[in-house]
Amino acid sequence: MVETCNILIGGEAGQGLVTLGQLLARCLVRSGYRIVVTQIYQSIIRGGHNTFSIRVGTEEIEAPRRAVDLLIAMNEETIRLHGGRLTEKGVTIVDESVELICDTCIKVPFKELAEPRFFNVVALGVAGSLLGLKKELICALLDELFARKKPEMAEMNRRVLSKAFEWCGKHTGVSVSLPAIADPQKRIMLNGNEAIALGALSAGLRFCAYYPMTPSTSIPMTLISTAKETGILVEQGEDEIAVINMALGASFAGAPAMVATSGGGFALMTEGVSLAGMTETPIVIVVAQRPGPATGLPTRTEQADLEMVLHSGHGEFPRVLFAPGSVEECFHLTRRAFETAERYQGPVFLLTDQFLADSYRAVDPLGVEELPFPEPGTDPAVVASPYRRFVLTEKGVSPRLLPGKSSHLVVADSDEHDEAGHITEDLALRSRMVEKRLQKLGGLLHEAVPPDYAGSSLPELLFVSWGSTKGAVWEAASRLREAGRDVAALHFSQIWPLVPRQFLGKLEGAREVIAVEGNATGQFSRLLRRETGFEIQREILRYDGLPVTPEYILDVIEKL
Amino acid sequence: MVETCNILIGGEAGQGLVTLGQLLARCLVRSGYRIVVTQIYQSIIRGGHNTFSIRVGTEEIEAPRRAVDLLIAMNEETIRLHGGRLTEKGVTIVDESVELICDTCIKVPFKELAEPRFFNVVALGVAGSLLGLKKELICALLDELFARKKPEMAEMNRRVLSKAFEWCGKHTGVSVSLPAIADPQKRIMLNGNEAIALGALSAGLRFCAYYPMTPSTSIPMTLISTAKETGILVEQGEDEIAVINMALGASFAGAPAMVATSGGGFALMTEGVSLAGMTETPIVIVVAQRPGPATGLPTRTEQADLEMVLHSGHGEFPRVLFAPGSVEECFHLTRRAFETAERYQGPVFLLTDQFLADSYRAVDPLGVEELPFPEPGTDPAVVASPYRRFVLTEKGVSPRLLPGKSSHLVVADSDEHDEAGHITEDLALRSRMVEKRLQKLGGLLHEAVPPDYAGSSLPELLFVSWGSTKGAVWEAASRLREAGRDVAALHFSQIWPLVPRQFLGKLEGAREVIAVEGNATGQFSRLLRRETGFEIQREILRYDGLPVTPEYILDVIEKL
Amino acid sequence: MIDPADYGDFETAWCPGCGNFPILKAVKTVLAGAGIAPHQVLFVSGIGQAAKTPHYLNANFFNGLHGRALHVATGAKLANPELVVIVESGDGCTYGEGGNHFLAALRRNLDLTLIVHDNQIYGLTKGQASPTSEEGFVTKAQPEGVQQEPFHPLATAVALHGGFVARSLSGMADHMVEMIRQGIAHKGFSLIDILQPCVSFNKVNTFGWYKKRCYELPAEYDPTDWEAAMKTAMSWGEKIPVGVIYQNDRSDYAARLPVLKAGPLVGRKTAPAVLGRILSRYL
Amino acid sequence: MIDPADYGDFETAWCPGCGNFPILKAVKTVLAGAGIAPHQVLFVSGIGQAAKTPHYLNANFFNGLHGRALHVATGAKLANPELVVIVESGDGCTYGEGGNHFLAALRRNLDLTLIVHDNQIYGLTKGQASPTSEEGFVTKAQPEGVQQEPFHPLATAVALHGGFVARSLSGMADHMVEMIRQGIAHKGFSLIDILQPCVSFNKVNTFGWYKKRCYELPAEYDPTDWEAAMKTAMSWGEKIPVGVIYQNDRSDYAARLPVLKAGPLVGRKTAPAVLGRILSRYL
Ligand SMILES: Cc1ncc(C[n+]2csc(CCOP(=O)(O)OP(=O)(O)O)c2C)c(N)n1
Ligand SMILES: Cc1ncc(C[n+]2csc(CCOP(=O)(O)OP(=O)(O)O)c2C)c(N)n1
Ligand code: SF4
Ligand code: SF4
Ligand SMILES: [Mg+2]
Ligand SMILES: [Mg+2]
């Protein structure tokens, strides 16, 4: 089993929790550790109760953990809510005023060490010191954050940090040991949304339209922060319908385009999805899931929009659904989404969720400088005249020119159309056009990303999962293996189309199969049965708004 | 096999085709015949090529037929396009000027008999005479149509009709015999949309919101035509989002509500569907399908929105999908939809299509005077105080009061909420609320309308179908049985939820199973596999915009 | 007698100092003052910080989707015109996502009262520009500043002959009460756009900023003069008028609908004989 | 030299006598006159009778969804400002389903030309009231007559400081040509609302009805005077003004966006080194 340390920072919105968490996480990454961050927050700007957890390890980890080794309690409530999760040797950092009797509490005189607005820096110092992080590293980070814009703030921060380290050195005996890393690997720290934004940039994105919606918003925000340098355009729409139509217009004109939203906003885009299918316009659509129905729990996580996305839009047309299982996959599958959208001319989806969107990880260098990306459109020189945008081809893909970029005329029609793109009521042609569009599935099946598999080929127990639960399932399986059980895991990061021969043998070979999903009805499990006939008898489902953890899975397994 | 006569009227938009067709159809119904009307038209106000076909029989019929016995060609194009469909003894009515040589042509001197604007009445007269219909019956119909508003028009019409009958008596030897019906049954003539509108009225509808969209528009139009007498309100919205939200508001306040649209308009309503699920607000949603994607073929028929409707809206919540197979089922299932929506407090769907929406049939008296309908809301007297709108109950249904109708306060919340309906971030409660909502499925399964079945219990061949293809499949099966084959049919008019024990034995008992669907991907067949694991190996699919006919099925069967 | 306390006292999820608090209080004051009991009123809202208001009121409410409050209210009011229906939501919700419904509601002139908490920002999603954000306004999402003309809700409302069009400021307690009171009393659609400081995300249009600029329309101002109202509705900048900017006597939509003359739809039934008669027409 | 014939001559699905024909002709005339070649222009439309226009033109086009033309155009124009982008659609499409986008387009002031075929009716769906149908207008769907204030597209456009706001009449060939010409020439968003007789479903607002009422704005009319423009935009009834009702010199949205200063998005690439630098910030 992977040895990890789990740090949980708790408090209310407005206490600088996220800044503290990010700084600590980044410092850990720079020190060479792997991390998995889980952010849990409420739909509220100030107050409430939020947490920022960092699971730290020296080896690769991809799942959050429930048990806590270091609890940084920015208020009493945190102890009340999460004290029970502390491991035996777990340590709590809390203000000295807090009356709770707890053996493992480090009572910090926050007020002595700094003004309230620097309390998070105090906590950072104490935690850093306990964890054995280098003060200089943290200082450097604070400098980077403030030095340029507010040098005096940087100075104050540094001072507070030093005080905290000092206090800690004098007053605490305990430490929350992290094995030192002699030669730290250079890694970047990214969360799922940032990885999607960067993946999109590396794949040639030129246009992104959005309407803010948690937990997708940080995708356009990340893109916006690069716009000056990258020369891309990020446009806020007045609603999601505007957003998808703008993106389709931009893509039609030749700017690779993406939109990002969550379930409710996506529902409004579904007519546009159908339009992308009919006009064969490339578009990448990110749906960052949160618990529904309706507004539901806007800041929590869930995997309950799979079926909606898979069947969204009226009529029949091909599509592709990727569901990244890690931050790295967010990057690479986004690239693949752009490439697929361009090559097959239609909608390609990335299905993530709040957990993954907000989960920071240490990511190995991505080598963006060398990554290729597709050119939008076909070369006008190789196109037959008169140009017919929707000429029937064997694979269903027709040459796509960009309007205004040659003397050929380029059209798109939401009505059924002839090869030239003009509205038609020729019903025999209609059938051929339906077939042409669906024909693309052939190529897409051929290129499908196969599911990942770990474990023996005929295991006693096989977990099946998709999307962001990957890490939790992977780890649960490996822990069970360590405990001597013959457990395997089959994980899908491409949800559609599915290629049964890539995995059906695995399902059939296992003595028992259990699906693990972040929803209440086992949507993927149903889909598998629809596509293969294979019925998964048992499911581990979670739908309370929290991410699936290895412990969540193991608890259920134990009770079986 | 049912003996029927198939009449096809063809011409361009603006030639009074539909009036002619409706009059002829009504006259046939009054004469005691059964009919099945198929209307095929283009998305165009004048010109183009449209047809209005009436299949006539003495016994119950529910399917259209391809072969034509009487072709009423309002222009030459009609002969060119449909002449090939004439049966051996088939007769064509056409203007004398048309040069085509055809043995069975009755060349009518239209210009001699009337001014151009009455040409359709001439055709009506000639056809009526050939078919042996009573002139007085047709006259009475014309009178009903015009006498009140334009008495002089009625008079002129009658005159033209007489002339046509006279001419026909003198100049034609042929007749297109219909067996006489001695004692004609009193039946009404309704198409699918009218039946839905009337079913809704009989079920207590008070409010309908709509935005025009073919082929759903005649539902609100039918309702509007009754508004003065029935005291209902039909409100046109500025878009479909307005429409569904208005309907939810009205329903919440206590007015049983319905919306009607087609695929693209429905896509825009899907966020509202999720809202209905979360707020547990009753609503009946009619989706009259037409071929997509996007604008597709706006006036044609298809069954390709099943999966979209079934999975529409983000998050998970129960729903019910009915897909009427006949005009009578349109009436009765609409009633059931209202009752179900009220009792289970959520969205209930009626999935029809252009073919059924526009298909007139002779319907036995419905006895509306005696039909019961549900009262909206719970009696405030039986509700515990303090009233909690979303109190957890075993069956998932909580008492629903109407705001302003008692001193209790009634709330609805699109966020996850507590029993009182207030926004909550209590995640344990969240899980219970998800379960409460999904719990309703139990009751819904219990009440599911079982599929219809005809044929032996272990047939050689079993057709599976849903919705409007019922008649075609039924008839194809019965024709095959008449030809000595052991063929059965299993038809679903409730698509969701499905109760496998109601039908799985039938599927497993058949030597071969063939699904018949009006789409390109076999959506229902996939759904069956998802729910039962049973894989239907062969499909007869149609996706050219035309309805499935018995011949269409038989042609495929023959080639097997 | 109804007391503002009858409308309850809830813990809120708003930031301390937020301009939403005084609006909430004003609403309670008006309802109590008008003798409207909690069960007689229906609050409808969308999604956003402002849209949480109904959760902090003891009353009937429908907290719907972002942008879609107005038409839930329309449906409810048409179904039961006896309900006092108040819509409360943010500027993003009402003029952004809900822009089309805003136009339709103005045209329909149904007797709803729309209170917009206009903080010129998307609060709940943490500070993107809203339709009413000013040109040049810088946010994380608009680092180069907003490059669009702001939406002018009052001017649009006057241009479409909205029944009652008013502006107030969250800090002006009595003025708000008066505007909301008049809005509810007005028979027809009422818009009350309330400038509402957002202390967390709008650091430009602060209470001080508004306070310095807002002035009450003089007593002699004639809100029935459309041309003057158009000009007044467009005034913004150093001087921002608050008060009833425009009012007319277009009749309430519900009053125009023959079918509602017989009373609310709710509870009414179509007589079976009527249905029978209608069916017989299809013979 | 471009000839109107270069824009093709197609069979249409319009009724004989429909007001759409003269508009189609005017558009061809303007484009040819301005020397714009078919491949330089992009037509975007929604769904409706008017929205079929691009199918009758030899040009690039995107015939999108009902109500959604404007933002397909916005996206395309932002991606490639070198395209001349013309949006043509009906009154229902633009002001009904697409109402919210109409507001947004006015605010954004991107250099698009929006030509609305305003027949005050839903033509393609066979005659329901549209947002511009007049009060009292009777249809099958509104048997008691429309009971709402019509939408005032020009007044709304002026209220939101739309860049170029004009009205014309389908029967006035030269006037249409002039309006469309100016609209295309205007750098910024242009709205040309063309009154368009629908011979099949609108038997009230016929060509004769319009002809009798429409008068050209006098030469001395100053379209830069906002107050006068507001009044003019609202004139309707016995006298209906046609011409450029309002025009201002707000700068084109694309010109304001720093990122577009370097040329169209289309064809541009982010240098790998830039990406590397960005990635390194996440270290
Ligand atoms: C369809 C949809 N899109 C986006 C969102 C996300 N969202 C929630 S509130 C909000 C903006 C709120 O701004 P405003 O209406 O001005 O209210 P405020 O928070 O400022 O009071 C957005 C974009 C949503 N809930 N639903
Ligand atoms: C989402 C959606 N809703 C409804 C329709 C049906 N529809 C097609 S055209 C139209 C109205 C057309 O009116 P208008 O825009 O005024 O154009 P006209 O036909 O009068 O030129 C409607 C409602 C549709 N295609 N899509
Ligand atoms: S974010 Fe702004 S609007 Fe929202 S509660 Fe805080 S201060 Fe008020
Ligand atoms: S219906 Fe009206 S708008 Fe449409 S083509 Fe005919 S006349 Fe023109
Ligand atoms: Mg706001
Ligand atoms: Mg129109």
# chains A, B, ... in the order shown; residues from 1 in each chain; ligands from 1
>>> interface_residues(of="chain A", to="chain B", cutoff="8 Å", atoms="only C-alpha atoms", output="MDAnalysis selection string")
chainID A and resid 42 263:265 267:272 274:275 277:278 291:298 304:305 307:308 311:317 414:416 425 427:428 430:431 434 520:521 526:531 533:535 543:545
>>> select_by_dssp(residues="stretch 192-383 of chain A", states="helix (DSSP H, G or I)", output="JSON, numbers by chain")
{"A": [192, 193, 194, 195, 196, 197, 198, 199, 200, 201, 202, 218, 219, 220, 221, 222, 223, 224, 225, 226, 227, 228, 229, 230, 240, 241, 242, 243, 244, 245, 246, 247, 248, 249, 250, 251, 252, 253, 263, 264, 265, 266, 267, 268, 269, 270, 271, 272, 273, 274, 275, 276, 277, 278, 279, 306, 307, 308, 309, 310, 327, 328, 329, 330, 331, 332, 333, 334, 335, 336, 337, 338, 339, 340, 341, 342, 343, 344, 354, 355, 356, 357, 358, 368, 369, 370, 380, 381, 382]}
>>> interface_residues(of="chain B", to="chain C", cutoff="8 Å", atoms="only C-alpha atoms", output="PyMOL selection string")
chain B and resi 26+30+186-190+198+201-202+204+206-207+226-233+238+241-243+245-255+272+275+367-370+403-404+406-415+422-423
>>> write_last_selection(atoms="C-alpha atoms", output="compact mmCIF listing (two decimals), in the first residue's frame")
# COMPACT_ATOMS: atom_id res chain seq x y z
CA ARG B 26 -65.26 12.59 -42.26
CA ARG B 30 -70.06 9.10 -40.87
CA LYS B 186 -71.51 6.55 -34.56
CA ARG B 187 -67.85 7.40 -34.35
CA ILE B 188 -65.85 10.58 -34.10
CA MET B 189 -62.95 11.49 -36.33
CA LEU B 190 -59.82 12.53 -34.48
CA LEU B 198 -59.22 16.19 -25.69
CA LEU B 201 -59.22 18.35 -21.17
CA SER B 202 -61.01 15.30 -19.91
CA GLY B 204 -58.60 18.25 -15.90
CA ARG B 206 -56.28 23.97 -16.88
CA PHE B 207 -53.14 25.42 -18.39
CA THR B 226 -62.21 25.10 -26.78
CA ALA B 227 -60.90 27.72 -24.35
CA LYS B 228 -64.01 29.84 -24.24
CA GLU B 229 -66.18 26.94 -23.23
CA THR B 230 -63.76 24.99 -21.09
CA GLY B 231 -62.32 27.94 -19.24
CA ILE B 232 -58.74 26.80 -19.71
CA LEU B 233 -55.82 29.05 -20.52
CA GLU B 238 -41.56 33.68 -26.43
CA ILE B 241 -37.82 27.75 -21.87
CA ALA B 242 -40.51 30.24 -21.02
CA VAL B 243 -43.09 27.62 -21.87
CA ASN B 245 -41.28 27.31 -16.67
CA MET B 246 -44.71 28.87 -17.04
CA ALA B 247 -46.30 25.46 -17.01
CA LEU B 248 -44.37 24.51 -13.88
CA GLY B 249 -45.47 27.72 -12.19
CA ALA B 250 -49.08 27.08 -13.11
CA SER B 251 -48.92 23.49 -11.96
CA PHE B 252 -47.26 24.47 -8.70
CA ALA B 253 -50.08 26.91 -8.10
CA GLY B 254 -52.62 24.18 -8.77
CA ALA B 255 -53.54 24.27 -12.45
CA GLY B 272 -36.97 22.52 -16.82
CA LEU B 275 -36.56 21.24 -12.26
CA GLY B 367 -67.85 8.66 -22.90
CA VAL B 368 -66.07 11.75 -21.58
CA GLU B 369 -69.03 12.67 -19.44
CA GLU B 370 -68.31 9.83 -17.09
CA PRO B 403 -49.94 27.92 -2.31
CA GLY B 404 -52.52 30.38 -1.09
CA SER B 406 -54.68 27.24 3.03
CA SER B 407 -52.67 28.90 5.74
CA HIS B 408 -49.88 26.38 5.19
CA LEU B 409 -46.84 27.64 3.35
CA VAL B 410 -45.94 25.78 0.20
CA VAL B 411 -42.46 25.81 -1.23
CA ALA B 412 -40.46 24.39 -4.09
CA ASP B 413 -36.71 24.46 -4.34
CA SER B 414 -34.37 23.67 -7.19
CA ASP B 415 -31.51 23.26 -4.73
CA HIS B 422 -35.30 24.85 2.42
CA ILE B 423 -31.88 24.72 0.83
>>> closest_atom_pairs(of="chain B", to="ligand 4", cutoff="10 Å", atoms="only C-alpha atoms and all ligand atoms", output="JSON lines")
{"residue": "B:Ile44", "atom": "CA", "partner": "ligand 4", "partner_atom_place_in_ligand_line": "5 (S)", "distance": 7.5}
{"residue": "B:Ile45", "atom": "CA", "partner": "ligand 4", "partner_atom_place_in_ligand_line": "1 (S)", "distance": 5.5}
{"residue": "B:Arg46", "atom": "CA", "partner": "ligand 4", "partner_atom_place_in_ligand_line": "6 (Fe)", "distance": 6.9}
>>> residues_near_ligand(ligand="ligand 3", cutoff="6 Å", atoms="only C-alpha atoms and all ligand atoms", output="ChimeraX atom specification")
/A:45 /C:14-15,18-20,49,123-124,198-201
>>> write_last_selection(atoms="N, CA and C atoms", output="short mmCIF file (atom, residue, chain, number, x, y, z; two decimals), in the first residue's frame")
data_model
loop_
_atom_site.label_atom_id
_atom_site.label_comp_id
_atom_site.auth_asym_id
_atom_site.auth_seq_id
_atom_site.Cartn_x
_atom_site.Cartn_y
_atom_site.Cartn_z
N ILE A 45 -20.33 32.61 -0.20
CA ILE A 45 -19.08 33.36 -0.39
C ILE A 45 -18.31 33.52 0.92
N TRP C 14 -25.43 35.07 3.17
CA TRP C 14 -24.86 36.28 2.58
C TRP C 14 -23.66 36.78 3.38
N CYS C 15 -22.79 37.52 2.73
CA CYS C 15 -21.63 38.08 3.40
C CYS C 15 -22.09 39.19 4.34
N CYS C 18 -23.51 42.81 3.18
CA CYS C 18 -24.06 42.73 1.83
C CYS C 18 -25.32 43.58 1.70
N GLY C 19 -25.49 44.17 0.55
CA GLY C 19 -26.66 44.99 0.28
C GLY C 19 -27.96 44.22 0.20
N ASN C 20 -27.89 42.91 0.25
CA ASN C 20 -29.13 42.13 0.20
C ASN C 20 -29.94 42.27 1.49
N GLN C 49 -27.06 34.95 -5.49
CA GLN C 49 -27.14 35.36 -4.09
C GLN C 49 -28.49 36.00 -3.80
N GLY C 123 -22.48 37.58 -8.38
CA GLY C 123 -21.97 37.36 -7.03
C GLY C 123 -21.68 35.89 -6.75
N LEU C 124 -22.69 35.06 -6.92
CA LEU C 124 -22.56 33.67 -6.47
C LEU C 124 -21.44 32.92 -7.21
N CYS C 198 -22.32 44.94 -3.54
CA CYS C 198 -21.77 43.62 -3.25
C CYS C 198 -20.39 43.86 -2.66
N VAL C 199 -20.25 43.60 -1.37
CA VAL C 199 -19.00 43.96 -0.71
C VAL C 199 -17.86 43.02 -1.07
N SER C 200 -18.21 41.85 -1.62
CA SER C 200 -17.15 40.89 -1.90
C SER C 200 -16.54 41.02 -3.30
N PHE C 201 -17.37 41.35 -4.28
CA PHE C 201 -16.84 41.29 -5.65
C PHE C 201 -16.92 42.58 -6.45
#
